[in-house]
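Novice: Below you'll find the structure I mean.
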Amino acid sequence: MLKLKQVTYRIGGRTLLEAADLHLPKGHHAGLVGRNGCGKSTLFKMILGSVHTDAGDLTLTGQMKVATVAQETPGGERTPLEFVLSSHQEMDALLKEAETCEDPDRIGEIYARLTEIDAYTAEARAAQILVGLGFNDEQQSQPLSSFSGGWRMRVALAAALFQEPDLLLLDEPTNHLDLEASVWLESFLKSYPHTLLIISHDRQLLNAVATRIYHLHQGKIIQYNGNYDFYEVTRKQQMMHATAYNEKIEAQRQHMMKFVERFRSKASKARQAQSRLKAIEKLEPISLMLNDPTLTIDFPEPEKLAPPLISFEKVSTGYEGNIILRGLNGSITPEDRIALLGKNGNGKSTFAKLLAGRLEPMDGYFHSSPKVRVGYFHQHQMEDLNAGWTGFDHLSDRMPKTPELQLRSHLGRFGFNKEKSEIAVEKLSGGEKARLVLCLITSQKPNILIFDEPTNHLDVEMRESLMMAINEFKGAVILITHDWHLLRHTVDRLWLVANHTVKPYDGDLEDYRREILGLTPKNSSKELKNSKKKK
């Protein structure tokens, strides 16, 4: 299906692939992983033919249809449904030809082909995909120009899924999705009937969908036959074995060198010493293929305050007189780890802004402790950074009277040494910008951290670091994320934002997943009866 043989690719004097091999058989689902900037997206461009190898061969067997999510977001007056339907170029061309064709034989061929590609159920299938990605019936009929960039990216994703190509390439497909759409996409891709290659830092998605993992590191591609967890465990074991082997090699090398150093000057032992030197040259250690050092996120400890930090009763809030949420009751304590669940558009971000003090209550009682500080990370915050400023400039502006040593110490918590903190924001990667925002929002030692999709630009290692930092943080955490792994390992309370209000969710994350997929709750009476029958 897809094969790379000894492929080398260089750009700007940097080698991204060097004599790399890959074999993806027909019908397999695979994940492509590696640190940010290692060349994963470049490999996709190579498969799509927009860049070419410097050496080696890349082959796609047969007349294979390859598709990916378009880089440019769709716009204009077409509706999401119309755009998705038109993305199937063959079907779109045949339908247009059928409207004007007068040749009976050709008309017969057209309708035979339309039947073959299942064109008559196309609208229903396209609508179903759009519903899964969060578009209700009304939204499917609105012009694309009325949607934000994130929602238009969902339409582009829907178009790629609808085409059902022989080889589907997806690059971080969950980045613009909420939790509900991510769960649906995972279910859709698990049953995808053709070949699939996914670049993702979402370990839940890779565990559920991928049956093999390709790890791209230092120009090489290493295959692991299993999901992400299997890859991670196997790779750690390989590194442990390699480390032990290398330690033995080094011990043997030192032992032989002692002989050489002792006898190389003696004529009677010179030949043996020379022989030992040649043997030492052949003692090659195994390359450990270690990751670059993972940066550790470290949130400063906040001042201890008596609970509750925030309390509210019968509160309504919204924008410009338009109420989005009403009847809000609850409180936030220093020990809270709360996840906000609910579809995009239900008001999760609105509620987060209320708690962060970015939005005023319209009525009801809302009290925040006078000393409470809130750190608020929202998904579009990186767009507000000054492109020409450095990380040090941003933090100095945030803390103008703070000594330089203290500023640099705080930057260091997030991986910004002196050299990195003097680089303009426009030259930082997405992950580095995300870390800078985390650095800025925690500069005042907040008692409450509110995260609205913090992981979109973080790789797996940095997501793990964020998870550890949240668990070690001594204050309250409110979390909105599509990252199931992060949710499962950090939160202990679930609040559902739906029907214009926020209420505790009566169930766990697995119950919510089943609810999204239209399945019965795991403790339903039907399942209890079935379990009794089995006994």
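By order in the structure tokens, chains are A, B, ...; within a chain, residues start at 1; ligands start at 1, following the order shown.
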Compile the contact shell of Lys65 in chain A as a PDB file with all heavy atoms, in the first residue's frame: residues with an atom at most 9 Å away, counting only C-alpha atoms, same-chain residues fewer than 3 positions apart removed.
Specialist:
ATOM      1  N   GLU A 164     -13.819   8.966   2.028  1.00  0.00           N
ATOM      2  CA  GLU A 164     -13.398   7.578   2.251  1.00  0.00           C
ATOM      3  C   GLU A 164     -12.293   7.170   1.279  1.00  0.00           C
ATOM      4  O   GLU A 164     -12.442   6.222   0.500  1.00  0.00           O
ATOM      5  CB  GLU A 164     -14.586   6.616   2.131  1.00  0.00           C
ATOM      6  CG  GLU A 164     -15.398   6.519   3.385  1.00  0.00           C
ATOM      7  CD  GLU A 164     -16.207   5.221   3.473  1.00  0.00           C
ATOM      8  OE1 GLU A 164     -16.020   4.317   2.630  1.00  0.00           O
ATOM      9  OE2 GLU A 164     -17.031   5.125   4.381  1.00  0.00           O
ATOM     10  N   PRO A 165     -11.143   7.854   1.314  1.00  0.00           N
ATOM     11  CA  PRO A 165     -10.057   7.506   0.393  1.00  0.00           C
ATOM     12  C   PRO A 165      -9.423   6.166   0.764  1.00  0.00           C
ATOM     13  O   PRO A 165      -9.597   5.666   1.882  1.00  0.00           O
ATOM     14  CB  PRO A 165      -9.062   8.653   0.597  1.00  0.00           C
ATOM     15  CG  PRO A 165      -9.291   9.078   2.012  1.00  0.00           C
ATOM     16  CD  PRO A 165     -10.765   8.935   2.243  1.00  0.00           C
ATOM     17  N   ASP A 166      -8.656   5.612  -0.175  1.00  0.00           N
ATOM     18  CA  ASP A 166      -7.943   4.362   0.100  1.00  0.00           C
ATOM     19  C   ASP A 166      -6.906   4.567   1.202  1.00  0.00           C
ATOM     20  O   ASP A 166      -6.646   3.665   1.987  1.00  0.00           O
ATOM     21  CB  ASP A 166      -7.243   3.866  -1.172  1.00  0.00           C
ATOM     22  CG  ASP A 166      -8.226   3.638  -2.303  1.00  0.00           C
ATOM     23  OD1 ASP A 166      -9.189   2.888  -2.091  1.00  0.00           O
ATOM     24  OD2 ASP A 166      -8.045   4.232  -3.378  1.00  0.00           O
ATOM     25  N   LEU A 167      -6.298   5.757   1.224  1.00  0.00           N
ATOM     26  CA  LEU A 167      -5.338   6.108   2.272  1.00  0.00           C
ATOM     27  C   LEU A 167      -5.728   7.468   2.834  1.00  0.00           C
ATOM     28  O   LEU A 167      -5.707   8.472   2.124  1.00  0.00           O
ATOM     29  CB  LEU A 167      -3.906   6.155   1.720  1.00  0.00           C
ATOM     30  CG  LEU A 167      -2.820   6.659   2.688  1.00  0.00           C
ATOM     31  CD1 LEU A 167      -2.754   5.790   3.937  1.00  0.00           C
ATOM     32  CD2 LEU A 167      -1.461   6.703   1.984  1.00  0.00           C
ATOM     33  N   LEU A 168      -6.112   7.486   4.095  1.00  0.00           N
ATOM     34  CA  LEU A 168      -6.518   8.722   4.764  1.00  0.00           C
ATOM     35  C   LEU A 168      -5.387   9.165   5.690  1.00  0.00           C
ATOM     36  O   LEU A 168      -4.943   8.417   6.566  1.00  0.00           O
ATOM     37  CB  LEU A 168      -7.798   8.487   5.573  1.00  0.00           C
ATOM     38  CG  LEU A 168      -8.318   9.670   6.404  1.00  0.00           C
ATOM     39  CD1 LEU A 168      -8.642  10.868   5.514  1.00  0.00           C
ATOM     40  CD2 LEU A 168      -9.563   9.255   7.195  1.00  0.00           C
TER      41      LEU A 168
END
Novice: Do a neighbour search on Leu479 in chain A at 8 Å with only C-alpha atoms, toss out local chain neighbours closer than 2 positions, and write the hits as a PyMOL selection string.
Specialist: chain A and resi 337-340+450-453+477+481+487+491
Novice: Point out the residue among A:Ile332, A:Leu60, A:Leu494, A:Leu466 with the least atom-to-atom distance to Lys26 in chain A, counting only C-alpha atoms.
Specialist: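 Using only C-alpha atoms, the shortest distance to Lys26 in chain A belongs to A:Leu60.
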Novice: For Glu419 in chain A, which residue out of A:Leu85, A:Val372, A:Asp492, A:Thr390 is the nearest one, using only C-alpha atoms?
Specialist: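 The closest residue to Glu419 in chain A is A:Thr390.
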Novice: Which is closest to Val51 in chain A among A:Gln89, A:Arg10, A:Gly34, A:Lys314, if we use only C-alpha atoms?
Specialist: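 Closest to Val51 in chain A, using only C-alpha atoms: A:Arg10.
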Novice: Could you tell me how far CA of Gly375 in chain A sits from CA of Pro307 in chain A, in Å to one decimal place?
Specialist: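 So the two atoms, CA of Pro307 in chain A and CA of Gly375 in chain A, lie 17.6 Å apart.
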Novice: Name the residues of range 430-475 of chain A that come out as alpha helix (DSSP H) in a backbone DSSP run; write them as a PyMOL selection string.
Specialist: chain A and resi 430-441+460-472
Novice: Write the residues of the preceding selection, restricted to C-alpha atoms, as a PDB file, in the first residue's frame.
Specialist:
ATOM      1  CA  GLY A 430       3.347  26.285  18.920  1.00  0.00           C
ATOM      2  CA  GLY A 431       4.401  24.228  21.925  1.00  0.00           C
ATOM      3  CA  GLU A 432       6.852  26.907  23.072  1.00  0.00           C
ATOM      4  CA  LYS A 433       4.166  29.591  22.803  1.00  0.00           C
ATOM      5  CA  ALA A 434       1.813  27.425  24.872  1.00  0.00           C
ATOM      6  CA  ARG A 435       4.507  27.057  27.543  1.00  0.00           C
ATOM      7  CA  LEU A 436       5.061  30.817  27.527  1.00  0.00           C
ATOM      8  CA  VAL A 437       1.354  31.415  28.131  1.00  0.00           C
ATOM      9  CA  LEU A 438       1.442  28.920  31.025  1.00  0.00           C
ATOM     10  CA  CYS A 439       4.463  30.819  32.363  1.00  0.00           C
ATOM     11  CA  LEU A 440       2.631  34.156  32.173  1.00  0.00           C
ATOM     12  CA  ILE A 441      -0.649  33.038  33.754  1.00  0.00           C
ATOM     13  CA  VAL A 460       2.867  13.659  24.395  1.00  0.00           C
ATOM     14  CA  GLU A 461       5.805  14.293  26.723  1.00  0.00           C
ATOM     15  CA  MET A 462       4.712  17.861  27.479  1.00  0.00           C
ATOM     16  CA  ARG A 463       1.129  16.681  28.058  1.00  0.00           C
ATOM     17  CA  GLU A 464       2.475  14.201  30.598  1.00  0.00           C
ATOM     18  CA  SER A 465       4.443  17.020  32.236  1.00  0.00           C
ATOM     19  CA  LEU A 466       1.297  19.191  32.375  1.00  0.00           C
ATOM     20  CA  MET A 467      -0.615  16.292  33.939  1.00  0.00           C
ATOM     21  CA  MET A 468       2.033  15.899  36.650  1.00  0.00           C
ATOM     22  CA  ALA A 469       2.097  19.658  37.305  1.00  0.00           C
ATOM     23  CA  ILE A 470      -1.698  19.755  37.714  1.00  0.00           C
ATOM     24  CA  ASN A 471      -1.614  16.831  40.147  1.00  0.00           C
ATOM     25  CA  GLU A 472       1.128  18.480  42.209  1.00  0.00           C
TER      26      GLU A 472
END
Novice: When you look at Trp484 in chain A with a cut-off of 10 Å (counting only C-alpha atoms), what residues show up, excluding the ones that are within fewer than 5 positions of it in the same chain? I need them as a PDB file with C-alpha atoms, in the first residue's frame.
Specialist:
ATOM      1  CA  LEU A 179     -14.376  16.126  23.965  1.00  0.00           C
ATOM      2  CA  SER A 182     -13.244  13.604  19.754  1.00  0.00           C
ATOM      3  CA  VAL A 183     -15.074  10.603  21.199  1.00  0.00           C
ATOM      4  CA  ASP A 202      -3.600  12.126  21.703  1.00  0.00           C
ATOM      5  CA  ARG A 203      -2.712   8.790  23.297  1.00  0.00           C
ATOM      6  CA  GLN A 204      -6.385   7.871  23.832  1.00  0.00           C
ATOM      7  CA  LEU A 205      -7.023   8.165  20.087  1.00  0.00           C
ATOM      8  CA  HIS A 489      -5.634  11.254  35.407  1.00  0.00           C
ATOM      9  CA  LEU A 509     -16.098   9.591  32.433  1.00  0.00           C
ATOM     10  CA  ARG A 513     -18.395   8.382  26.789  1.00  0.00           C
TER      11      ARG A 513
END
Novice: Measuring between only C-alpha atoms, which one of A:Pro193, A:Thr53, A:Gly226, A:Glu335 shows the shortest distance to Arg212 in chain A?
Specialist: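 Of A:Pro193, A:Thr53, A:Gly226, A:Glu335, the one nearest Arg212 in chain A, counting only C-alpha atoms, is A:Gly226.
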Novice: What residues in range 250-441 of chain A get the DSSP label strand (DSSP E)? Please answer as an NGL selection string.
Specialist: :A and (310-319 or 322-332 or 337-341 or 361-368 or 374-377)
Novice: Contacts of Val425 in chain A at 8 Å or less, counting only C-alpha atoms, minus same-chain residues fewer than 5 places along, as a ChimeraX atom specification?
Specialist: /A:385-391,433
Novice: Restricted to all heavy atoms, what would the selected residues look like written as a PDB file, in the first residue's frame?
Specialist:
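Final file, part_2.pdb:
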ATOM      1  N   LEU A 385      -0.367  37.107  22.043  1.00  0.00           N
ATOM      2  CA  LEU A 385       1.039  37.411  22.321  1.00  0.00           C
ATOM      3  C   LEU A 385       1.576  38.398  21.292  1.00  0.00           C
ATOM      4  O   LEU A 385       1.180  38.370  20.128  1.00  0.00           O
ATOM      5  CB  LEU A 385       1.875  36.122  22.284  1.00  0.00           C
ATOM      6  CG  LEU A 385       1.587  35.069  23.358  1.00  0.00           C
ATOM      7  CD1 LEU A 385       2.376  33.804  23.076  1.00  0.00           C
ATOM      8  CD2 LEU A 385       1.890  35.600  24.756  1.00  0.00           C
ATOM      9  N   ASN A 386       2.468  39.258  21.732  1.00  0.00           N
ATOM     10  CA  ASN A 386       3.091  40.235  20.832  1.00  0.00           C
ATOM     11  C   ASN A 386       4.195  39.542  20.041  1.00  0.00           C
ATOM     12  O   ASN A 386       5.185  39.082  20.606  1.00  0.00           O
ATOM     13  CB  ASN A 386       3.661  41.400  21.648  1.00  0.00           C
ATOM     14  CG  ASN A 386       4.116  42.546  20.774  1.00  0.00           C
ATOM     15  OD1 ASN A 386       4.758  42.340  19.745  1.00  0.00           O
ATOM     16  ND2 ASN A 386       3.779  43.767  21.179  1.00  0.00           N
ATOM     17  N   ALA A 387       4.016  39.426  18.725  1.00  0.00           N
ATOM     18  CA  ALA A 387       4.924  38.641  17.884  1.00  0.00           C
ATOM     19  C   ALA A 387       6.379  39.101  17.984  1.00  0.00           C
ATOM     20  O   ALA A 387       7.306  38.284  17.925  1.00  0.00           O
ATOM     21  CB  ALA A 387       4.468  38.688  16.429  1.00  0.00           C
ATOM     22  N   GLY A 388       6.608  40.406  18.152  1.00  0.00           N
ATOM     23  CA  GLY A 388       7.970  40.931  18.181  1.00  0.00           C
ATOM     24  C   GLY A 388       8.626  40.896  19.542  1.00  0.00           C
ATOM     25  O   GLY A 388       9.836  41.114  19.659  1.00  0.00           O
ATOM     26  N   TRP A 389       7.851  40.643  20.572  1.00  0.00           N
ATOM     27  CA  TRP A 389       8.401  40.605  21.930  1.00  0.00           C
ATOM     28  C   TRP A 389       9.014  39.238  22.213  1.00  0.00           C
ATOM     29  O   TRP A 389       8.626  38.226  21.642  1.00  0.00           O
ATOM     30  CB  TRP A 389       7.307  40.866  22.961  1.00  0.00           C
ATOM     31  CG  TRP A 389       6.874  42.295  23.083  1.00  0.00           C
ATOM     32  CD1 TRP A 389       7.118  43.302  22.201  1.00  0.00           C
ATOM     33  CD2 TRP A 389       6.096  42.852  24.136  1.00  0.00           C
ATOM     34  NE1 TRP A 389       6.545  44.459  22.640  1.00  0.00           N
ATOM     35  CE2 TRP A 389       5.899  44.217  23.833  1.00  0.00           C
ATOM     36  CE3 TRP A 389       5.535  42.355  25.292  1.00  0.00           C
ATOM     37  CZ2 TRP A 389       5.182  45.062  24.656  1.00  0.00           C
ATOM     38  CZ3 TRP A 389       4.809  43.183  26.123  1.00  0.00           C
ATOM     39  CH2 TRP A 389       4.640  44.544  25.813  1.00  0.00           C
ATOM     40  N   THR A 390       9.954  39.207  23.154  1.00  0.00           N
ATOM     41  CA  THR A 390      10.521  37.950  23.630  1.00  0.00           C
ATOM     42  C   THR A 390       9.724  37.465  24.840  1.00  0.00           C
ATOM     43  O   THR A 390       8.875  38.189  25.375  1.00  0.00           O
ATOM     44  CB  THR A 390      11.981  38.141  24.056  1.00  0.00           C
ATOM     45  OG1 THR A 390      12.019  39.012  25.214  1.00  0.00           O
ATOM     46  CG2 THR A 390      12.804  38.752  22.922  1.00  0.00           C
ATOM     47  N   GLY A 391      10.027  36.242  25.287  1.00  0.00           N
ATOM     48  CA  GLY A 391       9.399  35.740  26.504  1.00  0.00           C
ATOM     49  C   GLY A 391       9.730  36.623  27.694  1.00  0.00           C
ATOM     50  O   GLY A 391       8.874  36.900  28.540  1.00  0.00           O
ATOM     51  N   LYS A 433       5.108  28.504  22.500  1.00  0.00           N
ATOM     52  CA  LYS A 433       4.166  29.591  22.803  1.00  0.00           C
ATOM     53  C   LYS A 433       3.199  29.175  23.906  1.00  0.00           C
ATOM     54  O   LYS A 433       2.866  29.975  24.794  1.00  0.00           O
ATOM     55  CB  LYS A 433       3.398  29.979  21.545  1.00  0.00           C
ATOM     56  CG  LYS A 433       4.233  30.675  20.490  1.00  0.00           C
ATOM     57  CD  LYS A 433       3.407  30.933  19.236  1.00  0.00           C
ATOM     58  CE  LYS A 433       4.262  31.535  18.125  1.00  0.00           C
ATOM     59  NZ  LYS A 433       3.489  31.695  16.861  1.00  0.00           N
TER      60      LYS A 433
END
Novice: For CA of Tyr9 in chain A and CA of Asn225 in chain A, quote the distance in Å rounded to one decimal.
Specialist: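 Computing it gives 25.3 Å between the two atoms.
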Novice: Find the residues of range 40-103 of chain A that sit at most 10 Å from range 114-126 of chain A; for each, write down the nearest two atoms and how far apart they are in Å, to one decimal. Count only C-alpha atoms. Sort by chain, then by number going up, and give it as a tab-separated table.
Specialist:
residue	atom	partner	partner_atom	distance
A:Pro80	CA	A:Ala126	CA	9.3
A:Leu81	CA	A:Ala126	CA	6.7
A:Glu82	CA	A:Glu123	CA	8.9
A:Phe83	CA	A:Ala126	CA	9.7
A:Val84	CA	A:Ala126	CA	6.5
A:Leu85	CA	A:Ala126	CA	6.6
A:His88	CA	A:Ala122	CA	9.5
A:Glu90	CA	A:Leu114	CA	9.1
A:Met91	CA	A:Ala119	CA	6.8
A:Asp92	CA	A:Ala119	CA	9.3
A:Leu94	CA	A:Leu114	CA	7.3
A:Leu95	CA	A:Leu114	CA	8.1
Novice: Would you mind exporting N, CA and C atoms of the selected residues as a short mmCIF file (atom, residue, chain, number, x, y, z; two decimals), in the first residue's frame?
Specialist:
data_model
loop_
_atom_site.label_atom_id
_atom_site.label_comp_id
_atom_site.auth_asym_id
_atom_site.auth_seq_id
_atom_site.Cartn_x
_atom_site.Cartn_y
_atom_site.Cartn_z
N PRO A 80 -21.93 24.01 5.18
CA PRO A 80 -21.08 22.86 5.49
C PRO A 80 -21.49 21.60 4.73
N LEU A 81 -22.79 21.35 4.64
CA LEU A 81 -23.27 20.15 3.95
C LEU A 81 -22.92 20.20 2.47
N GLU A 82 -23.09 21.36 1.84
CA GLU A 82 -22.76 21.50 0.41
C GLU A 82 -21.26 21.31 0.19
N PHE A 83 -20.45 21.85 1.08
CA PHE A 83 -19.00 21.73 0.92
C PHE A 83 -18.55 20.28 1.04
N VAL A 84 -19.08 19.58 2.04
CA VAL A 84 -18.69 18.18 2.25
C VAL A 84 -19.10 17.34 1.05
N LEU A 85 -20.30 17.53 0.54
CA LEU A 85 -20.76 16.77 -0.63
C LEU A 85 -19.89 17.04 -1.85
N HIS A 88 -16.29 15.21 -2.67
CA HIS A 88 -16.17 13.96 -3.42
C HIS A 88 -16.20 14.33 -4.90
N GLU A 90 -15.41 13.06 -7.84
CA GLU A 90 -16.01 12.22 -8.89
C GLU A 90 -17.52 12.29 -8.84
N MET A 91 -18.07 12.16 -7.64
CA MET A 91 -19.53 12.20 -7.51
C MET A 91 -20.07 13.57 -7.91
N ASP A 92 -19.40 14.62 -7.49
CA ASP A 92 -19.83 15.98 -7.82
C ASP A 92 -19.82 16.20 -9.34
N LEU A 94 -20.00 13.87 -11.71
CA LEU A 94 -21.02 13.03 -12.36
C LEU A 94 -22.42 13.63 -12.21
N LEU A 95 -22.73 14.17 -11.03
CA LEU A 95 -24.04 14.77 -10.82
C LEU A 95 -24.24 16.00 -11.71
#
Novice: Write out as a list of chain:residue names the residues lying within 8 Å of Pro300 in chain A, counting only C-alpha atoms and excluding same-chain residues fewer than 2 positions away.
Specialist: A:Asp298, A:Pro302, A:Thr442, A:Lys445, A:Phe473
Novice: Using all heavy atoms, can you write the selected residues to a file as a JSON list (two decimals), in the first residue's frame?
Specialist:
[["chain", "number", "residue", "atom", "x", "y", "z"],
["A", 298, "ASP", "N", 6.34, 23.30, 36.02],
["A", 298, "ASP", "CA", 6.31, 23.39, 37.48],
["A", 298, "ASP", "C", 5.52, 24.63, 37.89],
["A", 298, "ASP", "O", 5.98, 25.75, 37.70],
["A", 298, "ASP", "CB", 7.76, 23.46, 38.00],
["A", 298, "ASP", "CG", 7.83, 23.60, 39.50],
["A", 298, "ASP", "OD1", 6.85, 23.23, 40.17],
["A", 298, "ASP", "OD2", 8.85, 24.10, 40.01],
["A", 302, "PRO", "N", 0.70, 28.34, 45.58],
["A", 302, "PRO", "CA", -0.07, 29.56, 45.90],
["A", 302, "PRO", "C", -0.19, 29.79, 47.40],
["A", 302, "PRO", "O", 0.11, 28.89, 48.20],
["A", 302, "PRO", "CB", -1.45, 29.25, 45.31],
["A", 302, "PRO", "CG", -1.58, 27.76, 45.45],
["A", 302, "PRO", "CD", -0.18, 27.20, 45.25],
["A", 442, "THR", "N", 0.81, 31.92, 35.36],
["A", 442, "THR", "CA", 1.16, 31.46, 36.72],
["A", 442, "THR", "C", 2.15, 32.39, 37.41],
["A", 442, "THR", "O", 2.59, 32.10, 38.52],
["A", 442, "THR", "CB", 1.77, 30.04, 36.66],
["A", 442, "THR", "OG1", 2.94, 30.04, 35.83],
["A", 442, "THR", "CG2", 0.76, 29.04, 36.12],
["A", 445, "LYS", "N", 1.34, 33.47, 41.00],
["A", 445, "LYS", "CA", 1.06, 32.38, 41.95],
["A", 445, "LYS", "C", -0.45, 32.23, 42.20],
["A", 445, "LYS", "O", -0.93, 32.41, 43.32],
["A", 445, "LYS", "CB", 1.80, 32.61, 43.27],
["A", 445, "LYS", "CG", 3.30, 32.60, 43.14],
["A", 445, "LYS", "CD", 3.98, 32.73, 44.49],
["A", 445, "LYS", "CE", 5.50, 32.68, 44.36],
["A", 445, "LYS", "NZ", 6.20, 32.77, 45.67],
["A", 473, "PHE", "N", -0.10, 20.57, 41.88],
["A", 473, "PHE", "CA", -0.49, 21.94, 42.19],
["A", 473, "PHE", "C", -1.32, 21.96, 43.47],
["A", 473, "PHE", "O", -2.21, 21.13, 43.68],
["A", 473, "PHE", "CB", -1.28, 22.52, 41.02],
["A", 473, "PHE", "CG", -1.76, 23.92, 41.21],
["A", 473, "PHE", "CD1", -0.87, 24.95, 41.47],
["A", 473, "PHE", "CD2", -3.12, 24.22, 41.14],
["A", 473, "PHE", "CE1", -1.31, 26.25, 41.65],
["A", 473, "PHE", "CE2", -3.57, 25.51, 41.31],
["A", 473, "PHE", "CZ", -2.67, 26.53, 41.56]]
Novice: Nearest residue to Gly219 in chain A out of A:Gly39, A:Gly49, A:Gly321, A:Pro334, using only C-alpha atoms?
Specialist: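 Residue with the minimum atom-to-atom distance to Gly219 in chain A: A:Gly39.
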